[in-house]
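Trainee: Next comes the structure file structure.tsv, holding TSV, C-alpha atoms.
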chain	number	residue	atom	x	y	z
A	25	MET	CA	10.09	-5.61	-6.11
A	26	ARG	CA	8.12	-3.63	-8.71
A	27	ILE	CA	7.75	0.11	-8.15
A	28	ALA	CA	5.49	2.38	-10.21
A	29	ILE	CA	6.13	6.11	-10.68
A	30	CYS	CA	3.12	7.95	-12.09
A	31	ASP	CA	3.31	11.68	-12.84
A	32	ASP	CA	2.40	13.65	-15.95
A	33	GLU	CA	5.63	15.68	-15.72
A	34	SER	CA	8.71	13.88	-17.04
A	35	GLU	CA	11.05	16.03	-14.92
A	36	VAL	CA	9.23	14.99	-11.73
A	37	ARG	CA	9.34	11.30	-12.72
A	38	ALA	CA	13.08	11.51	-13.37
A	39	ARG	CA	13.70	13.35	-10.11
A	40	LEU	CA	11.66	10.85	-8.11
A	41	ARG	CA	13.33	7.86	-9.75
A	42	GLN	CA	16.74	9.31	-8.93
A	43	ALA	CA	15.74	9.80	-5.28
A	44	ILE	CA	14.27	6.28	-5.03
A	45	PHE	CA	17.34	4.53	-6.38
A	46	ALA	CA	19.64	6.69	-4.26
A	47	SER	CA	18.06	5.07	-1.19
A	48	LYS	CA	20.27	2.50	0.53
A	49	SER	CA	17.24	0.52	1.74
A	50	LEU	CA	16.08	-0.48	-1.74
A	51	PRO	CA	16.45	-4.24	-2.44
A	52	PRO	CA	18.91	-5.14	-5.25
A	53	ASP	CA	16.19	-6.72	-7.42
A	54	ALA	CA	14.04	-3.56	-7.41
A	55	ASP	CA	12.80	-2.22	-10.72
A	56	SER	CA	10.68	0.81	-11.58
A	57	ILE	CA	8.28	1.61	-14.40
A	58	GLU	CA	7.21	5.15	-15.20
A	59	PHE	CA	3.75	6.28	-16.33
A	60	SER	CA	2.60	9.66	-17.57
A	61	ASN	CA	-1.08	9.06	-16.84
A	62	GLY	CA	-3.33	7.07	-14.53
A	63	ALA	CA	-5.01	4.95	-17.21
A	64	GLU	CA	-1.70	3.36	-18.22
A	65	LEU	CA	-0.84	2.68	-14.58
A	66	LEU	CA	-4.22	1.01	-13.95
A	67	LYS	CA	-3.83	-1.30	-16.93
A	68	SER	CA	-0.29	-2.29	-15.99
A	69	HIS	CA	-1.21	-2.87	-12.33
A	70	THR	CA	-4.14	-5.07	-13.38
A	71	ASP	CA	-1.89	-7.17	-15.62
A	72	ARG	CA	0.87	-7.49	-13.03
A	73	PRO	CA	0.51	-5.73	-9.65
A	74	PHE	CA	3.12	-3.41	-8.24
A	75	GLU	CA	4.31	-3.56	-4.64
A	76	ILE	CA	4.77	0.21	-4.23
A	77	ILE	CA	3.16	3.03	-6.24
A	78	PHE	CA	4.31	6.67	-6.22
A	79	LEU	CA	1.30	8.57	-7.55
A	80	ASP	CA	0.90	12.25	-8.36
A	81	ILE	CA	-2.43	13.68	-7.19
A	82	GLN	CA	-2.88	16.34	-9.86
A	83	MET	CA	-2.64	14.95	-13.39
A	84	GLU	CA	-4.27	15.46	-16.76
A	85	GLY	CA	-7.20	13.11	-17.31
A	86	MET	CA	-7.73	10.90	-14.25
A	87	SER	CA	-6.48	12.49	-11.06
A	88	GLY	CA	-4.24	10.55	-8.71
A	89	LEU	CA	-7.10	10.32	-6.21
A	90	GLU	CA	-9.37	8.74	-8.84
A	91	VAL	CA	-6.64	6.29	-9.79
A	92	GLY	CA	-6.03	5.49	-6.13
A	93	HIS	CA	-9.72	4.72	-5.57
A	94	GLU	CA	-9.75	2.38	-8.58
A	95	ILE	CA	-6.68	0.53	-7.35
A	96	ARG	CA	-8.01	0.20	-3.80
A	97	ASN	CA	-11.23	-1.38	-5.05
A	98	THR	CA	-9.28	-4.46	-6.10
A	99	ASP	CA	-6.00	-4.28	-4.16
A	100	LYS	CA	-5.99	-3.68	-0.40
A	101	ASN	CA	-2.28	-4.33	0.12
A	102	VAL	CA	-0.41	-2.28	-2.49
A	103	ILE	CA	1.46	0.60	-0.86
A	104	ILE	CA	0.37	3.94	-2.33
A	105	ILE	CA	2.51	7.03	-1.75
A	106	PHE	CA	1.04	10.25	-3.10
A	107	ILE	CA	3.07	13.09	-4.58
A	108	THR	CA	1.57	16.58	-4.28
A	109	GLY	CA	2.42	20.22	-4.21
A	110	TYR	CA	-0.66	21.14	-2.19
A	111	GLN	CA	-1.29	20.32	1.47
A	112	LYS	CA	-5.08	20.54	0.96
A	113	TYR	CA	-5.15	17.17	-0.82
A	114	VAL	CA	-3.53	15.24	2.02
A	115	PHE	CA	-6.75	14.45	3.90
A	116	GLU	CA	-8.35	12.99	0.77
A	117	SER	CA	-5.33	10.80	0.18
A	118	PHE	CA	-5.73	9.06	3.52
A	119	LYS	CA	-9.32	8.11	2.67
A	120	ILE	CA	-7.72	5.82	0.09
A	121	GLU	CA	-5.54	4.33	2.84
A	122	ALA	CA	-2.45	5.92	1.39
A	123	PHE	CA	0.69	4.92	3.21
A	124	ASP	CA	2.12	8.45	3.13
A	125	TYR	CA	2.60	11.47	0.90
A	126	ILE	CA	5.59	13.45	-0.36
A	127	MET	CA	5.43	17.19	-0.91
A	128	LYS	CA	6.98	18.83	-3.94
A	129	PRO	CA	9.73	19.85	-4.52
A	130	ILE	CA	11.05	16.34	-3.97
A	131	GLU	CA	13.93	15.89	-1.53
A	132	ASP	CA	16.15	12.81	-1.35
A	133	ALA	CA	15.99	12.58	2.46
A	134	THR	CA	12.17	12.61	2.46
A	135	VAL	CA	11.93	9.94	-0.23
A	136	ALA	CA	14.51	7.78	1.56
A	137	ASP	CA	12.58	7.96	4.84
A	138	VAL	CA	9.20	7.19	3.28
A	139	LEU	CA	10.66	4.36	1.19
A	140	ARG	CA	12.40	2.79	4.19
A	141	ARG	CA	9.12	2.68	6.11
A	142	ALA	CA	7.19	1.47	3.06
A	143	LEU	CA	9.61	-1.44	2.59
A	144	LYS	CA	9.23	-2.32	6.26
A	145	LYS	CA	5.43	-2.38	5.85
A	146	HIS	CA	5.77	-4.51	2.72
A	147	LYS	CA	7.85	-7.01	4.65
A	148	GLU	CA	5.26	-7.11	7.42
A	149	GLN	CA	2.47	-7.74	4.91
A	150	HIS	CA	4.35	-10.60	3.29
A	151	TYR	CA	5.79	-12.29	6.38
A	152	ILE	CA	4.68	-15.93	6.14
A	153	VAL	CA	3.53	-18.10	9.02
A	154	GLN	CA	3.85	-21.84	8.48
A	155	PHE	CA	2.07	-24.44	10.61
A	156	LYS	CA	0.99	-28.08	10.53
A	157	CYS	CA	-2.60	-29.30	10.88
A	158	GLU	CA	-2.62	-33.06	11.40
A	159	ASP	CA	-0.92	-34.39	8.26
A	160	SER	CA	-1.02	-31.21	6.15
A	161	TYR	CA	1.18	-28.12	6.10
A	162	HIS	CA	-0.19	-24.61	5.61
A	163	THR	CA	1.21	-21.13	5.07
A	164	LEU	CA	-0.50	-17.78	5.60
A	165	HIS	CA	0.60	-14.20	5.09
A	166	VAL	CA	0.63	-12.43	8.42
A	167	SER	CA	-1.87	-9.89	7.03
A	168	GLU	CA	-4.44	-12.69	6.55
A	169	ILE	CA	-4.55	-13.65	10.23
A	170	ILE	CA	-7.25	-11.90	12.29
A	171	TYR	CA	-6.56	-13.53	15.66
A	172	ILE	CA	-5.03	-16.61	17.24
A	173	GLU	CA	-6.67	-18.44	20.14
A	174	CYS	CA	-5.07	-21.18	22.21
A	175	HIS	CA	-6.52	-23.58	24.79
A	176	THR	CA	-4.38	-26.37	26.26
A	177	ARG	CA	-2.00	-26.14	23.31
A	178	ARG	CA	-4.77	-26.46	20.72
A	179	VAL	CA	-4.36	-23.40	18.52
A	180	LYS	CA	-7.04	-21.76	16.37
A	181	ILE	CA	-5.75	-19.45	13.62
A	182	ALA	CA	-8.66	-17.37	12.34
A	183	THR	CA	-8.74	-15.70	8.91
A	184	GLU	CA	-11.60	-13.94	7.15
A	185	ASN	CA	-12.70	-17.02	5.22
A	186	GLU	CA	-11.75	-19.98	7.42
A	187	SER	CA	-10.05	-21.12	10.60
A	188	PHE	CA	-7.16	-23.56	10.98
A	189	TYR	CA	-6.53	-25.78	13.99
A	190	CYS	CA	-3.16	-27.08	15.06
A	191	PHE	CA	-1.07	-27.65	18.18
A	192	GLY	CA	1.42	-25.22	19.65
A	193	LYS	CA	2.04	-22.54	22.27
A	194	LEU	CA	0.60	-19.04	22.13
A	195	ASN	CA	3.85	-17.66	23.58
A	196	GLU	CA	5.69	-18.84	20.49
A	197	TYR	CA	3.24	-17.08	18.15
A	198	GLU	CA	3.37	-13.95	20.30
A	199	LYS	CA	7.15	-13.81	20.03
A	200	ARG	CA	7.05	-14.21	16.24
A	201	LEU	CA	4.11	-11.90	15.52
A	202	THR	CA	4.37	-8.99	17.97
A	203	PRO	CA	6.76	-7.10	15.60
A	204	TYR	CA	4.04	-7.39	12.93
A	205	GLY	CA	1.27	-5.60	14.84
A	206	PHE	CA	-0.16	-8.41	16.96
A	207	LEU	CA	-1.40	-7.75	20.50
A	208	ARG	CA	-1.61	-10.21	23.41
A	209	CYS	CA	-5.01	-9.25	24.84
A	210	HIS	CA	-5.65	-12.35	26.96
A	211	GLN	CA	-3.72	-15.34	28.19
A	212	ASN	CA	-5.46	-17.31	25.43
A	213	ASN	CA	-5.66	-14.73	22.66
A	214	LEU	CA	-3.46	-12.82	20.23
A	215	VAL	CA	-5.13	-10.31	17.87
A	216	ASN	CA	-3.95	-8.56	14.72
A	217	MET	CA	-4.38	-4.82	15.44
A	218	SER	CA	-5.04	-4.15	11.76
A	219	TYR	CA	-8.40	-5.90	12.26
A	220	ILE	CA	-9.49	-4.22	15.49
A	221	LYS	CA	-12.85	-2.48	15.11
A	222	SER	CA	-13.33	-1.53	18.77
A	223	ILE	CA	-12.06	-2.31	22.25
A	224	GLU	CA	-14.86	-2.98	24.71
A	225	LYS	CA	-14.74	-3.71	28.46
A	226	THR	CA	-13.95	-7.42	28.25
A	227	CYS	CA	-13.44	-8.11	24.56
A	228	ILE	CA	-12.04	-6.82	21.29
A	229	VAL	CA	-14.42	-6.61	18.33
A	230	THR	CA	-12.76	-7.40	15.01
A	231	ALA	CA	-13.56	-5.99	11.58
A	232	THR	CA	-15.33	-9.30	10.89
A	233	ASN	CA	-17.59	-8.68	13.92
A	234	GLU	CA	-16.12	-11.42	16.07
A	235	ASN	CA	-15.55	-10.95	19.79
A	236	VAL	CA	-12.08	-11.86	21.02
A	237	ASP	CA	-11.77	-12.21	24.80
A	238	MET	CA	-9.68	-9.54	26.51
A	239	SER	CA	-8.45	-9.66	30.09
A	240	VAL	CA	-9.80	-6.79	32.21
A	241	ARG	CA	-6.37	-6.21	33.71
A	242	LYS	CA	-4.88	-5.92	30.22
A	243	ARG	CA	-7.44	-3.40	28.94
A	244	GLN	CA	-5.38	-0.26	29.62
A	245	ASP	CA	-2.26	-1.82	28.09
A	246	CYS	CA	-4.31	-2.87	25.04
A	247	LEU	CA	-5.72	0.64	24.62
A	248	LYS	CA	-2.26	2.14	24.89
A	249	ALA	CA	-0.73	-0.31	22.41
A	250	PHE	CA	-3.60	0.16	19.94
A	251	ASN	CA	-3.37	3.94	20.22
A	252	THR	CA	0.36	3.77	19.43
A	253	PHE	CA	-0.38	1.48	16.48
A	254	LEU	CA	-2.98	3.92	15.10
A	255	ALA	CA	-0.73	6.95	15.49
A	256	LYS	CA	1.03	6.32	12.19
A	257	TYR	CA	-2.30	6.29	10.31
A	258	ARG	CA	-4.21	9.03	12.14
A	259	VAL	CA	-4.80	12.38	10.41
Show how you would write the structure in this file as structure tokens.
Mentor:
Amino acid sequence: MRIAICDDESEVRARLRQAIFASKSLPPDADSIEFSNGAELLKSHTDRPFEIIFLDIQMEGMSGLEVGHEIRNTDKNVIIIFITGYQKYVFESFKIEAFDYIMKPIEDATVADVLRRALKKHKEQHYIVQFKCEDSYHTLHVSEIIYIECHTRRVKIATENESFYCFGKLNEYEKRLTPYGFLRCHQNNLVNMSYIKSIEKTCIVTATNENVDMSVRKRQDCLKAFNTFLAKYRV
């Protein structure tokens, strides 16, 4: 677990590091690297990516928002947590798909709460699904799966670049993947809510513009579940 702390004030970096390592949820192998400017962070992240980045919005040279945009262009999964003393920058931070933000002055309880949720999200992103297709075994990160479709025990696991076919039961995948943001929208379909573009009358449209069948009787439950899922990202 590599954590980056980027702020042009050494006192803030020290205070944040203290709060991070005071958290009981931090894994024992966690390590942090401090940066005083965005350019150094970008270079280090390119050489060896971080899992979580604490990033100050207002800095000399590149602003935290500029750094965040650069990182997001190449890394969709890294968890970015902005540090700011001004509420007015919060909306801009979410355009970069920031996980959350922490207001200055930094408080241990706030850092502990944000870090706990960030670690939970990291675990969800890196949960691995293993399955067998004929004579070969495959593994996928849960975040790679767009939807799963099952007909008479023949299972299709769809990702952005390819689909895998194996045998199994959709109920088993539902039990394993529901805690990771998957929604049972049809007796034959399970969809990753992170990829939902829209919910229509009888189908769900994914971010890859595929239509996934949705039961009419499940539509209200799907809308409710998706609304709850979006609540933690909505501004």
Trainee: Can you list, as a list in words, every protein, DNA or RNA residue that comes within 7 Å of segment 210-213 of chain A when you count only C-alpha atoms, leaving out same-chain residues fewer than 3 positions away?
Mentor: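 Near neighbours after the sequence-gap exclusion: Ile172, Glu173, Cys174, His175, Asp237, Met238 and Ser239 of chain A.
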Trainee: Generate a file of the selected residues that holds C-alpha atoms, formatted as a PDB file, in the coordinates of the input.
Mentor:
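Okay, this is what ended up in result-v4.pdb:
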ATOM      1  CA  ILE A 172      -5.030 -16.610  17.240  1.00  0.00           C
ATOM      2  CA  GLU A 173      -6.670 -18.440  20.140  1.00  0.00           C
ATOM      3  CA  CYS A 174      -5.070 -21.180  22.210  1.00  0.00           C
ATOM      4  CA  HIS A 175      -6.520 -23.580  24.790  1.00  0.00           C
ATOM      5  CA  ASP A 237     -11.770 -12.210  24.800  1.00  0.00           C
ATOM      6  CA  MET A 238      -9.680  -9.540  26.510  1.00  0.00           C
ATOM      7  CA  SER A 239      -8.450  -9.660  30.090  1.00  0.00           C
TER       8      SER A 239
END
Trainee: Under the rule that all atoms listed in the file are counted, which of A:Leu79, A:Val102, A:Val153, A:Ala255 is the nearest residue to Glu33 of chain A?
Mentor: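 Going through A:Leu79, A:Val102, A:Val153, A:Ala255 one by one, the smallest distance to Glu33 of chain A is for A:Leu79.
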Trainee: So, with all atoms listed in the file as the atoms that count, which of A:Ser167, A:Gln82, A:Asn185, A:Thr252 lies closest to Val215 of chain A?
Mentor: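 The answer is A:Ser167, which sits nearest to Val215 of chain A.
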Trainee: What's around Ser117 of chain A at 12 Å? Count all atoms listed in the file, leave out sequence neighbours fewer than 2 positions away in its own chain, and write the answer as a PyMOL selection string.
Mentor: chain A and resi 79-82+87-93+96+104-108+110-115+119-126+257+259
Trainee: Would you list the contacts of segment 244-251 of chain A as an MDAnalysis selection string, taking every protein, DNA or RNA residue within 9 Å and counting all atoms listed in the file, but skipping same-chain residues closer than 5 positions in sequence?
Mentor: chainID A and resid 207:209 217 220 223 238
Trainee: Counting all atoms listed in the file, figure out which residue out of A:Phe59, A:Lys225, A:Phe155, A:Pro129 gets nearest to Glu196 of chain A.
Mentor: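 Under the stated criterion, the closest residue is A:Phe155.
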Trainee: Fewer than 4 positions away in the same chain doesn't count, so skip those; otherwise give me all residues within 10 Å of segment 64-66 of chain A, counting all atoms listed in the file, as a PyMOL selection string.
Mentor: chain A and resi 28-30+57-60+70-74+77+79+91-92+94-95
Trainee: Between A:Ile181, A:Ala63, A:Val135, A:Ala38, which one has atoms that come closest to His165 of chain A, using all atoms listed in the file?
Mentor: A:Ile181
Trainee: Pick out the closest residue to Thr230 of chain A from this set: A:Phe118, A:Tyr151, A:Tyr161, A:Tyr171. Count all atoms listed in the file.
Mentor: A:Tyr171
Trainee: Produce segment 87-130 of chain A of the given structure as output with N, CA and C atoms, as a PDB file, in the first residue's frame.
Mentor:
ATOM      1  N   SER A  87      -1.218  23.491  -9.809  1.00  0.00           N
ATOM      2  CA  SER A  87      -2.209  23.355  -8.741  1.00  0.00           C
ATOM      3  C   SER A  87      -2.590  21.889  -8.579  1.00  0.00           C
ATOM      4  N   GLY A  88      -3.190  21.563  -7.452  1.00  0.00           N
ATOM      5  CA  GLY A  88      -3.631  20.192  -7.233  1.00  0.00           C
ATOM      6  C   GLY A  88      -4.641  19.734  -8.263  1.00  0.00           C
ATOM      7  N   LEU A  89      -5.496  20.651  -8.729  1.00  0.00           N
ATOM      8  CA  LEU A  89      -6.481  20.301  -9.755  1.00  0.00           C
ATOM      9  C   LEU A  89      -5.799  19.952 -11.070  1.00  0.00           C
ATOM     10  N   GLU A  90      -4.753  20.694 -11.430  1.00  0.00           N
ATOM     11  CA  GLU A  90      -4.011  20.390 -12.653  1.00  0.00           C
ATOM     12  C   GLU A  90      -3.314  19.038 -12.538  1.00  0.00           C
ATOM     13  N   VAL A  91      -2.728  18.791 -11.391  1.00  0.00           N
ATOM     14  CA  VAL A  91      -2.068  17.500 -11.156  1.00  0.00           C
ATOM     15  C   VAL A  91      -3.091  16.365 -11.218  1.00  0.00           C
ATOM     16  N   GLY A  92      -4.247  16.585 -10.596  1.00  0.00           N
ATOM     17  CA  GLY A  92      -5.297  15.573 -10.604  1.00  0.00           C
ATOM     18  C   GLY A  92      -5.754  15.236 -12.009  1.00  0.00           C
ATOM     19  N   HIS A  93      -5.922  16.249 -12.854  1.00  0.00           N
ATOM     20  CA  HIS A  93      -6.313  16.010 -14.251  1.00  0.00           C
ATOM     21  C   HIS A  93      -5.262  15.176 -14.973  1.00  0.00           C
ATOM     22  N   GLU A  94      -3.991  15.492 -14.782  1.00  0.00           N
ATOM     23  CA  GLU A  94      -2.911  14.744 -15.420  1.00  0.00           C
ATOM     24  C   GLU A  94      -2.924  13.279 -14.992  1.00  0.00           C
ATOM     25  N   ILE A  95      -3.120  13.050 -13.714  1.00  0.00           N
ATOM     26  CA  ILE A  95      -3.138  11.681 -13.198  1.00  0.00           C
ATOM     27  C   ILE A  95      -4.325  10.914 -13.748  1.00  0.00           C
ATOM     28  N   ARG A  96      -5.492  11.552 -13.783  1.00  0.00           N
ATOM     29  CA  ARG A  96      -6.701  10.887 -14.257  1.00  0.00           C
ATOM     30  C   ARG A  96      -6.637  10.521 -15.739  1.00  0.00           C
ATOM     31  N   ASN A  97      -5.843  11.245 -16.502  1.00  0.00           N
ATOM     32  CA  ASN A  97      -5.723  10.929 -17.929  1.00  0.00           C
ATOM     33  C   ASN A  97      -5.131   9.549 -18.164  1.00  0.00           C
ATOM     34  N   THR A  98      -4.357   9.063 -17.210  1.00  0.00           N
ATOM     35  CA  THR A  98      -3.680   7.775 -17.388  1.00  0.00           C
ATOM     36  C   THR A  98      -4.060   6.745 -16.329  1.00  0.00           C
ATOM     37  N   ASP A  99      -4.696   7.173 -15.252  1.00  0.00           N
ATOM     38  CA  ASP A  99      -5.007   6.259 -14.152  1.00  0.00           C
ATOM     39  C   ASP A  99      -6.432   6.518 -13.658  1.00  0.00           C
ATOM     40  N   LYS A 100      -7.327   5.599 -13.978  1.00  0.00           N
ATOM     41  CA  LYS A 100      -8.739   5.769 -13.606  1.00  0.00           C
ATOM     42  C   LYS A 100      -9.052   5.219 -12.218  1.00  0.00           C
ATOM     43  N   ASN A 101      -8.140   4.449 -11.653  1.00  0.00           N
ATOM     44  CA  ASN A 101      -8.442   3.762 -10.400  1.00  0.00           C
ATOM     45  C   ASN A 101      -7.822   4.371  -9.152  1.00  0.00           C
ATOM     46  N   VAL A 102      -6.715   5.124  -9.303  1.00  0.00           N
ATOM     47  CA  VAL A 102      -6.070   5.657  -8.106  1.00  0.00           C
ATOM     48  C   VAL A 102      -7.057   6.522  -7.328  1.00  0.00           C
ATOM     49  N   ILE A 103      -7.021   6.405  -6.024  1.00  0.00           N
ATOM     50  CA  ILE A 103      -7.941   7.147  -5.152  1.00  0.00           C
ATOM     51  C   ILE A 103      -7.313   8.489  -4.808  1.00  0.00           C
ATOM     52  N   ILE A 104      -7.965   9.564  -5.245  1.00  0.00           N
ATOM     53  CA  ILE A 104      -7.466  10.920  -4.998  1.00  0.00           C
ATOM     54  C   ILE A 104      -8.320  11.591  -3.933  1.00  0.00           C
ATOM     55  N   ILE A 105      -7.668  12.074  -2.886  1.00  0.00           N
ATOM     56  CA  ILE A 105      -8.340  12.790  -1.805  1.00  0.00           C
ATOM     57  C   ILE A 105      -7.724  14.188  -1.748  1.00  0.00           C
ATOM     58  N   PHE A 106      -8.537  15.192  -2.010  1.00  0.00           N
ATOM     59  CA  PHE A 106      -8.018  16.556  -2.032  1.00  0.00           C
ATOM     60  C   PHE A 106      -7.999  17.174  -0.634  1.00  0.00           C
ATOM     61  N   ILE A 107      -7.005  18.026  -0.438  1.00  0.00           N
ATOM     62  CA  ILE A 107      -6.872  18.809   0.797  1.00  0.00           C
ATOM     63  C   ILE A 107      -7.082  20.269   0.421  1.00  0.00           C
ATOM     64  N   THR A 108      -7.960  20.970   1.113  1.00  0.00           N
ATOM     65  CA  THR A 108      -8.202  22.370   0.771  1.00  0.00           C
ATOM     66  C   THR A 108      -8.680  23.166   1.979  1.00  0.00           C
ATOM     67  N   GLY A 109      -8.437  24.436   1.913  1.00  0.00           N
ATOM     68  CA  GLY A 109      -8.926  25.327   2.958  1.00  0.00           C
ATOM     69  C   GLY A 109     -10.108  26.142   2.486  1.00  0.00           C
ATOM     70  N   TYR A 110     -10.547  25.875   1.224  1.00  0.00           N
ATOM     71  CA  TYR A 110     -11.616  26.668   0.635  1.00  0.00           C
ATOM     72  C   TYR A 110     -12.705  25.782   0.040  1.00  0.00           C
ATOM     73  N   GLN A 111     -13.918  25.950   0.490  1.00  0.00           N
ATOM     74  CA  GLN A 111     -15.052  25.156   0.034  1.00  0.00           C
ATOM     75  C   GLN A 111     -15.311  25.340  -1.468  1.00  0.00           C
ATOM     76  N   LYS A 112     -14.942  26.498  -2.023  1.00  0.00           N
ATOM     77  CA  LYS A 112     -15.280  26.815  -3.412  1.00  0.00           C
ATOM     78  C   LYS A 112     -14.604  25.883  -4.418  1.00  0.00           C
ATOM     79  N   TYR A 113     -13.539  25.178  -3.987  1.00  0.00           N
ATOM     80  CA  TYR A 113     -12.837  24.295  -4.914  1.00  0.00           C
ATOM     81  C   TYR A 113     -13.416  22.874  -4.944  1.00  0.00           C
ATOM     82  N   VAL A 114     -14.345  22.602  -4.070  1.00  0.00           N
ATOM     83  CA  VAL A 114     -14.837  21.226  -3.926  1.00  0.00           C
ATOM     84  C   VAL A 114     -15.495  20.727  -5.201  1.00  0.00           C
ATOM     85  N   PHE A 115     -16.334  21.561  -5.835  1.00  0.00           N
ATOM     86  CA  PHE A 115     -17.034  21.131  -7.044  1.00  0.00           C
ATOM     87  C   PHE A 115     -16.043  20.741  -8.136  1.00  0.00           C
ATOM     88  N   GLU A 116     -14.993  21.544  -8.310  1.00  0.00           N
ATOM     89  CA  GLU A 116     -13.994  21.234  -9.321  1.00  0.00           C
ATOM     90  C   GLU A 116     -13.295  19.907  -9.043  1.00  0.00           C
ATOM     91  N   SER A 117     -13.104  19.609  -7.776  1.00  0.00           N
ATOM     92  CA  SER A 117     -12.402  18.372  -7.424  1.00  0.00           C
ATOM     93  C   SER A 117     -13.177  17.140  -7.854  1.00  0.00           C
ATOM     94  N   PHE A 118     -14.500  17.205  -7.822  1.00  0.00           N
ATOM     95  CA  PHE A 118     -15.291  16.040  -8.193  1.00  0.00           C
ATOM     96  C   PHE A 118     -15.343  15.833  -9.697  1.00  0.00           C
ATOM     97  N   LYS A 119     -15.002  16.857 -10.486  1.00  0.00           N
ATOM     98  CA  LYS A 119     -14.896  16.674 -11.930  1.00  0.00           C
ATOM     99  C   LYS A 119     -13.738  15.748 -12.262  1.00  0.00           C
ATOM    100  N   ILE A 120     -12.794  15.640 -11.342  1.00  0.00           N
ATOM    101  CA  ILE A 120     -11.635  14.766 -11.537  1.00  0.00           C
ATOM    102  C   ILE A 120     -11.911  13.385 -10.932  1.00  0.00           C
ATOM    103  N   GLU A 121     -13.160  13.171 -10.529  1.00  0.00           N
ATOM    104  CA  GLU A 121     -13.552  11.919  -9.878  1.00  0.00           C
ATOM    105  C   GLU A 121     -12.755  11.706  -8.600  1.00  0.00           C
ATOM    106  N   ALA A 122     -12.621  12.790  -7.845  1.00  0.00           N
ATOM    107  CA  ALA A 122     -11.973  12.666  -6.541  1.00  0.00           C
ATOM    108  C   ALA A 122     -12.831  11.809  -5.629  1.00  0.00           C
ATOM    109  N   PHE A 123     -12.187  11.026  -4.805  1.00  0.00           N
ATOM    110  CA  PHE A 123     -12.936  10.178  -3.883  1.00  0.00           C
ATOM    111  C   PHE A 123     -13.596  11.027  -2.798  1.00  0.00           C
ATOM    112  N   ASP A 124     -12.870  11.999  -2.283  1.00  0.00           N
ATOM    113  CA  ASP A 124     -13.399  12.865  -1.226  1.00  0.00           C
ATOM    114  C   ASP A 124     -12.444  14.042  -1.058  1.00  0.00           C
ATOM    115  N   TYR A 125     -12.738  14.909  -0.106  1.00  0.00           N
ATOM    116  CA  TYR A 125     -11.851  16.021   0.191  1.00  0.00           C
ATOM    117  C   TYR A 125     -11.812  16.235   1.699  1.00  0.00           C
ATOM    118  N   ILE A 126     -10.736  16.815   2.171  1.00  0.00           N
ATOM    119  CA  ILE A 126     -10.553  17.095   3.595  1.00  0.00           C
ATOM    120  C   ILE A 126     -10.293  18.586   3.750  1.00  0.00           C
ATOM    121  N   MET A 127     -11.055  19.223   4.604  1.00  0.00           N
ATOM    122  CA  MET A 127     -10.888  20.654   4.836  1.00  0.00           C
ATOM    123  C   MET A 127      -9.797  20.906   5.871  1.00  0.00           C
ATOM    124  N   LYS A 128      -9.035  21.963   5.649  1.00  0.00           N
ATOM    125  CA  LYS A 128      -8.073  22.420   6.641  1.00  0.00           C
ATOM    126  C   LYS A 128      -8.800  23.293   7.665  1.00  0.00           C
ATOM    127  N   PRO A 129      -8.375  23.294   8.924  1.00  0.00           N
ATOM    128  CA  PRO A 129      -7.263  22.530   9.513  1.00  0.00           C
ATOM    129  C   PRO A 129      -7.608  21.040   9.616  1.00  0.00           C
ATOM    130  N   ILE A 130      -6.605  20.221   9.483  1.00  0.00           N
ATOM    131  CA  ILE A 130      -6.776  18.774   9.442  1.00  0.00           C
ATOM    132  C   ILE A 130      -7.096  18.217  10.824  1.00  0.00           C
TER     133      ILE A 130
END
